[in-house]
Amino acid sequence: MTVLQTTGLTKQYGAKLAVDHVSMNIEKGDIYGFVGENGAGKTTIIRLITGLIAPSEGSFSLFGVKNEDSGINQVRKQLSAVVEAPSVYLNMTAMDNLKTQCKILGLNPSELESYLKKVGLDDVISDKKKAKNFSLGMRQRLGIAMALIGDPQFIILDEPMNGLDPSGIIEMRELICRLNQEGVTFMISSHILDELSKVATKYGIISHGKLIRELSAEELHAEAKHSIELTVNDANGAAEALKKTFADIALEVKDAKTLSVYSEIAVGELVTAVTTNGFALENVFNKEENIEEFYMELIGGGRNA
């Protein structure tokens, strides 16, 4: 089932094209990592989807209902979003925040404790401490608890790990995975790519308003560069020896003692070629390009989009 589909979605502010004909797809059960630099258009697309702003061109559909259809507001009840920062009432307790959210949505404030338990805020259920005295991580979790009211099937999070300490990031990651296992589809905008790669099942990579690539986590893993990194006493000399030994070898000298080999050559053969040519081998290991390196190479034009 397609949860979100955009077709040529565009937003223009005067001469500035903030979102440039973006077509993307999110399926039920995805954790969609929305990757892009600051100003790439991520938050603008989220605002378009949630109805905070109207598109200049193009369209989108939620759960099969197009944005121009009269039923879009009804289907948006299956969508919840935390955009830029959690919208919590700082002078209220956690429970009062949830009660207020229920009133806004026209829902009966029943079993609110379950939402706080679900996000790991058990300790504040009966606490009179106001949200302004919460840590940033606690506010983020409270924001998600508020987003869960009404049991949405699709949750959009804009930079949910921004400003969190390492333990807060781990807690947020575990929360997203747990909710996803319970059937919630996620779209997560983030520039903390290493952390995003630990939860995302699919990626949309955007730069300067354009969607550069859309690919699954498996496809990203398959396309990421694999290399064998060698540490030797003379990287330039060893590189020349390897070029003479292996025709058309793809390699790169990183520094005076390090070189990377990208060709499919057995480690044993490389080690033999280096040592038999008189070079001292200090270390050798397999290396895989991470998502940050993949992203930088992709937007830099090093890969075909």
# chains A, B, ... in the order shown; residues from 1 in each chain; ligands from 1

$ residues_around --residues "stretch 187-189 of chain A" --least-positions-apart "3" --cutoff "6 Å" --atoms "only C-alpha atoms" --output "ChimeraX atom specification"
/A:31-34,156-159

$ select_by_dssp --residues "stretch 11-234 of chain A" --states "strand (DSSP E)" --output "NGL selection string"
:A and (11-13 or 16-27 or 31-35 or 57-62 or 65-66 or 79-82 or 154-158 or 185-190 or 202-207 or 210-216 or 226-232)

$ residues_around --residues "A:Ile125" --least-positions-apart "2" --cutoff "12 Å" --atoms "only C-alpha atoms" --output "JSON list (two decimals) with all heavy atoms, in the first residue's frame"
[["chain", "number", "residue", "atom", "x", "y", "z"],
["A", 93, "THR", "N", 2.21, 20.38, 32.32],
["A", 93, "THR", "CA", 2.80, 19.07, 32.58],
["A", 93, "THR", "C", 2.65, 18.20, 31.33],
["A", 93, "THR", "O", 1.93, 18.55, 30.39],
["A", 93, "THR", "CB", 2.12, 18.38, 33.76],
["A", 93, "THR", "OG1", 0.76, 18.08, 33.39],
["A", 93, "THR", "CG2", 2.14, 19.25, 35.00],
["A", 94, "ALA", "N", 3.29, 17.03, 31.34],
["A", 94, "ALA", "CA", 3.17, 16.11, 30.22],
["A", 94, "ALA", "C", 1.71, 15.69, 30.01],
["A", 94, "ALA", "O", 1.20, 15.69, 28.89],
["A", 94, "ALA", "CB", 4.05, 14.88, 30.46],
["A", 95, "MET", "N", 1.03, 15.33, 31.11],
["A", 95, "MET", "CA", -0.35, 14.90, 30.99],
["A", 95, "MET", "C", -1.26, 16.01, 30.48],
["A", 95, "MET", "O", -2.14, 15.78, 29.65],
["A", 95, "MET", "CB", -0.87, 14.39, 32.35],
["A", 95, "MET", "CG", -0.37, 13.01, 32.71],
["A", 95, "MET", "SD", -0.92, 11.72, 31.55],
["A", 95, "MET", "CE", -2.69, 11.74, 31.84],
["A", 96, "ASP", "N", -1.04, 17.23, 30.94],
["A", 96, "ASP", "CA", -1.85, 18.35, 30.48],
["A", 96, "ASP", "C", -1.61, 18.64, 29.01],
["A", 96, "ASP", "O", -2.52, 19.05, 28.28],
["A", 96, "ASP", "CB", -1.58, 19.60, 31.32],
["A", 96, "ASP", "CG", -2.21, 19.52, 32.71],
["A", 96, "ASP", "OD1", -3.12, 18.68, 32.88],
["A", 96, "ASP", "OD2", -1.79, 20.27, 33.61],
["A", 97, "ASN", "N", -0.37, 18.43, 28.55],
["A", 97, "ASN", "CA", -0.08, 18.57, 27.13],
["A", 97, "ASN", "C", -0.91, 17.60, 26.31],
["A", 97, "ASN", "O", -1.49, 17.95, 25.28],
["A", 97, "ASN", "CB", 1.41, 18.34, 26.86],
["A", 97, "ASN", "CG", 2.22, 19.62, 26.83],
["A", 97, "ASN", "OD1", 2.25, 20.32, 25.82],
["A", 97, "ASN", "ND2", 2.88, 19.92, 27.94],
["A", 98, "LEU", "N", -0.98, 16.35, 26.78],
["A", 98, "LEU", "CA", -1.73, 15.33, 26.05],
["A", 98, "LEU", "C", -3.23, 15.63, 26.07],
["A", 98, "LEU", "O", -3.93, 15.45, 25.07],
["A", 98, "LEU", "CB", -1.46, 13.94, 26.64],
["A", 98, "LEU", "CG", -0.02, 13.42, 26.54],
["A", 98, "LEU", "CD1", 0.03, 11.96, 26.99],
["A", 98, "LEU", "CD2", 0.53, 13.54, 25.13],
["A", 111, "GLU", "N", -6.98, 6.95, 28.49],
["A", 111, "GLU", "CA", -5.77, 6.11, 28.45],
["A", 111, "GLU", "C", -4.54, 6.88, 27.96],
["A", 111, "GLU", "O", -3.72, 6.35, 27.21],
["A", 111, "GLU", "CB", -6.01, 4.89, 27.55],
["A", 111, "GLU", "CG", -7.14, 3.99, 28.04],
["A", 111, "GLU", "CD", -7.32, 2.75, 27.17],
["A", 111, "GLU", "OE1", -6.52, 2.56, 26.23],
["A", 111, "GLU", "OE2", -8.25, 1.98, 27.44],
["A", 112, "LEU", "N", -4.43, 8.13, 28.40],
["A", 112, "LEU", "CA", -3.29, 8.94, 27.97],
["A", 112, "LEU", "C", -1.97, 8.42, 28.54],
["A", 112, "LEU", "O", -0.91, 8.64, 27.95],
["A", 112, "LEU", "CB", -3.50, 10.40, 28.39],
["A", 112, "LEU", "CG", -4.69, 11.11, 27.74],
["A", 112, "LEU", "CD1", -4.74, 12.56, 28.17],
["A", 112, "LEU", "CD2", -4.62, 11.02, 26.21],
["A", 113, "GLU", "N", -2.06, 7.73, 29.68],
["A", 113, "GLU", "CA", -0.83, 7.18, 30.27],
["A", 113, "GLU", "C", -0.12, 6.24, 29.31],
["A", 113, "GLU", "O", 1.11, 6.18, 29.28],
["A", 113, "GLU", "CB", -1.15, 6.43, 31.57],
["A", 113, "GLU", "CG", -1.69, 7.29, 32.69],
["A", 113, "GLU", "CD", -3.21, 7.41, 32.65],
["A", 113, "GLU", "OE1", -3.81, 7.02, 31.61],
["A", 113, "GLU", "OE2", -3.79, 7.88, 33.64],
["A", 114, "SER", "N", -0.90, 5.52, 28.48],
["A", 114, "SER", "CA", -0.30, 4.54, 27.57],
["A", 114, "SER", "C", 0.62, 5.21, 26.56],
["A", 114, "SER", "O", 1.62, 4.64, 26.14],
["A", 114, "SER", "CB", -1.39, 3.74, 26.85],
["A", 114, "SER", "OG", -2.15, 4.58, 26.00],
["A", 115, "TYR", "N", 0.28, 6.46, 26.16],
["A", 115, "TYR", "CA", 1.12, 7.17, 25.19],
["A", 115, "TYR", "C", 2.46, 7.57, 25.82],
["A", 115, "TYR", "O", 3.51, 7.49, 25.18],
["A", 115, "TYR", "CB", 0.40, 8.40, 24.65],
["A", 115, "TYR", "CG", -0.82, 8.07, 23.83],
["A", 115, "TYR", "CD1", -2.09, 8.29, 24.32],
["A", 115, "TYR", "CD2", -0.70, 7.52, 22.56],
["A", 115, "TYR", "CE1", -3.22, 7.99, 23.58],
["A", 115, "TYR", "CE2", -1.81, 7.20, 21.80],
["A", 115, "TYR", "CZ", -3.07, 7.43, 22.31],
["A", 115, "TYR", "OH", -4.19, 7.11, 21.57],
["A", 116, "LEU", "N", 2.41, 7.99, 27.07],
["A", 116, "LEU", "CA", 3.65, 8.35, 27.77],
["A", 116, "LEU", "C", 4.51, 7.12, 28.01],
["A", 116, "LEU", "O", 5.74, 7.16, 27.90],
["A", 116, "LEU", "CB", 3.34, 9.06, 29.08],
["A", 116, "LEU", "CG", 2.68, 10.44, 28.94],
["A", 116, "LEU", "CD1", 2.35, 11.02, 30.32],
["A", 116, "LEU", "CD2", 3.58, 11.40, 28.17],
["A", 117, "LYS", "N", 3.87, 6.00, 28.35],
["A", 117, "LYS", "CA", 4.62, 4.75, 28.55],
["A", 117, "LYS", "C", 5.27, 4.30, 27.25],
["A", 117, "LYS", "O", 6.40, 3.81, 27.24],
["A", 117, "LYS", "CB", 3.69, 3.66, 29.09],
["A", 117, "LYS", "CG", 3.24, 3.88, 30.52],
["A", 117, "LYS", "CD", 2.27, 2.79, 30.97],
["A", 117, "LYS", "CE", 1.80, 3.01, 32.40],
["A", 117, "LYS", "NZ", 0.81, 1.99, 32.82],
["A", 118, "LYS", "N", 4.56, 4.49, 26.16],
["A", 118, "LYS", "CA", 5.05, 4.03, 24.86],
["A", 118, "LYS", "C", 6.33, 4.76, 24.46],
["A", 118, "LYS", "O", 7.20, 4.19, 23.78],
["A", 118, "LYS", "CB", 3.96, 4.25, 23.80],
["A", 118, "LYS", "CG", 4.22, 3.55, 22.49],
["A", 118, "LYS", "CD", 3.00, 3.59, 21.58],
["A", 118, "LYS", "CE", 1.97, 2.55, 21.97],
["A", 118, "LYS", "NZ", 0.90, 2.38, 20.97],
["A", 119, "VAL", "N", 6.47, 6.02, 24.88],
["A", 119, "VAL", "CA", 7.66, 6.79, 24.51],
["A", 119, "VAL", "C", 8.69, 6.85, 25.65],
["A", 119, "VAL", "O", 9.65, 7.62, 25.59],
["A", 119, "VAL", "CB", 7.29, 8.23, 24.07],
["A", 119, "VAL", "CG1", 6.38, 8.18, 22.85],
["A", 119, "VAL", "CG2", 6.65, 9.02, 25.20],
["A", 120, "GLY", "N", 8.46, 6.06, 26.70],
["A", 120, "GLY", "CA", 9.43, 5.99, 27.78],
["A", 120, "GLY", "C", 9.37, 7.13, 28.77],
["A", 120, "GLY", "O", 10.37, 7.45, 29.42],
["A", 121, "LEU", "N", 8.20, 7.74, 28.92],
["A", 121, "LEU", "CA", 8.05, 8.83, 29.88],
["A", 121, "LEU", "C", 7.17, 8.40, 31.06],
["A", 121, "LEU", "O", 6.37, 9.18, 31.59],
["A", 121, "LEU", "CB", 7.45, 10.07, 29.20],
["A", 121, "LEU", "CG", 8.36, 10.83, 28.24],
["A", 121, "LEU", "CD1", 7.62, 11.98, 27.59],
["A", 121, "LEU", "CD2", 9.61, 11.34, 28.94],
["A", 122, "ASP", "N", 7.33, 7.17, 31.49],
["A", 122, "ASP", "CA", 6.56, 6.64, 32.62],
["A", 122, "ASP", "C", 6.71, 7.51, 33.87],
["A", 122, "ASP", "O", 5.76, 7.69, 34.64],
["A", 122, "ASP", "CB", 7.02, 5.21, 32.97],
["A", 122, "ASP", "CG", 7.09, 4.30, 31.76],
["A", 122, "ASP", "OD1", 7.73, 4.70, 30.76],
["A", 122, "ASP", "OD2", 6.54, 3.19, 31.83],
["A", 123, "ASP", "N", 7.91, 8.04, 34.07],
["A", 123, "ASP", "CA", 8.22, 8.77, 35.31],
["A", 123, "ASP", "C", 7.45, 10.07, 35.46],
["A", 123, "ASP", "O", 7.37, 10.61, 36.57],
["A", 123, "ASP", "CB", 9.72, 9.07, 35.39],
["A", 123, "ASP", "CG", 10.56, 7.80, 35.51],
["A", 123, "ASP", "OD1", 9.98, 6.74, 35.85],
["A", 123, "ASP", "OD2", 11.78, 7.87, 35.26],
["A", 127, "ASP", "N", 3.74, 13.28, 37.50],
["A", 127, "ASP", "CA", 4.65, 14.36, 37.89],
["A", 127, "ASP", "C", 4.03, 15.72, 37.57],
["A", 127, "ASP", "O", 3.38, 15.90, 36.54],
["A", 127, "ASP", "CB", 5.97, 14.21, 37.12],
["A", 127, "ASP", "CG", 7.11, 14.93, 37.82],
["A", 127, "ASP", "OD1", 6.85, 15.91, 38.51],
["A", 127, "ASP", "OD2", 8.27, 14.50, 37.65],
["A", 128, "LYS", "N", 4.24, 16.67, 38.45],
["A", 128, "LYS", "CA", 3.74, 18.03, 38.25],
["A", 128, "LYS", "C", 4.77, 18.93, 37.57],
["A", 128, "LYS", "O", 4.53, 20.13, 37.38],
["A", 128, "LYS", "CB", 3.31, 18.65, 39.58],
["A", 128, "LYS", "CG", 2.16, 17.91, 40.26],
["A", 128, "LYS", "CD", 0.92, 17.86, 39.38],
["A", 128, "LYS", "CE", -0.23, 17.14, 40.08],
["A", 128, "LYS", "NZ", -1.41, 17.03, 39.18],
["A", 129, "LYS", "N", 5.92, 18.34, 37.22],
["A", 129, "LYS", "CA", 6.97, 19.13, 36.57],
["A", 129, "LYS", "C", 6.50, 19.60, 35.20],
["A", 129, "LYS", "O", 5.95, 18.83, 34.42],
["A", 129, "LYS", "CB", 8.25, 18.31, 36.44],
["A", 129, "LYS", "CG", 9.42, 19.10, 35.85],
["A", 129, "LYS", "CD", 10.76, 18.41, 36.07],
["A", 129, "LYS", "CE", 10.87, 17.13, 35.30],
["A", 129, "LYS", "NZ", 12.25, 16.57, 35.38],
["A", 130, "LYS", "N", 6.73, 20.86, 34.91],
["A", 130, "LYS", "CA", 6.29, 21.42, 33.63],
["A", 130, "LYS", "C", 7.30, 21.10, 32.53],
["A", 130, "LYS", "O", 8.48, 20.88, 32.79],
["A", 130, "LYS", "CB", 6.10, 22.94, 33.77],
["A", 130, "LYS", "CG", 4.94, 23.29, 34.71],
["A", 130, "LYS", "CD", 4.75, 24.78, 34.84],
["A", 130, "LYS", "CE", 3.57, 25.10, 35.76],
["A", 130, "LYS", "NZ", 3.36, 26.54, 35.92],
["A", 142, "LEU", "N", 7.99, 13.66, 24.34],
["A", 142, "LEU", "CA", 6.65, 14.16, 24.61],
["A", 142, "LEU", "C", 5.98, 14.58, 23.31],
["A", 142, "LEU", "O", 4.78, 14.33, 23.10],
["A", 142, "LEU", "CB", 6.70, 15.33, 25.59],
["A", 142, "LEU", "CG", 5.36, 16.01, 25.91],
["A", 142, "LEU", "CD1", 4.34, 15.01, 26.44],
["A", 142, "LEU", "CD2", 5.57, 17.15, 26.91],
["A", 145, "ALA", "N", 4.76, 11.52, 21.72],
["A", 145, "ALA", "CA", 3.58, 11.03, 22.42],
["A", 145, "ALA", "C", 2.34, 11.79, 21.97],
["A", 145, "ALA", "O", 1.27, 11.19, 21.75],
["A", 145, "ALA", "CB", 3.77, 11.17, 23.93]]

$ closest_residue --among "A:Ser59, A:Ser87, A:Asn180, A:Ser80" --to "A:Ile155" --atoms "only C-alpha atoms"
A:Ser80

$ closest_residue --among "A:Val284, A:Ala15, A:Ile212, A:Cys177" --to "A:Val271" --atoms "only C-alpha atoms"
A:Val284

$ atom_distance --atom1 "atom CA of A:Phe63" --atom2 "atom CA of A:Thr6"
11.5 Å
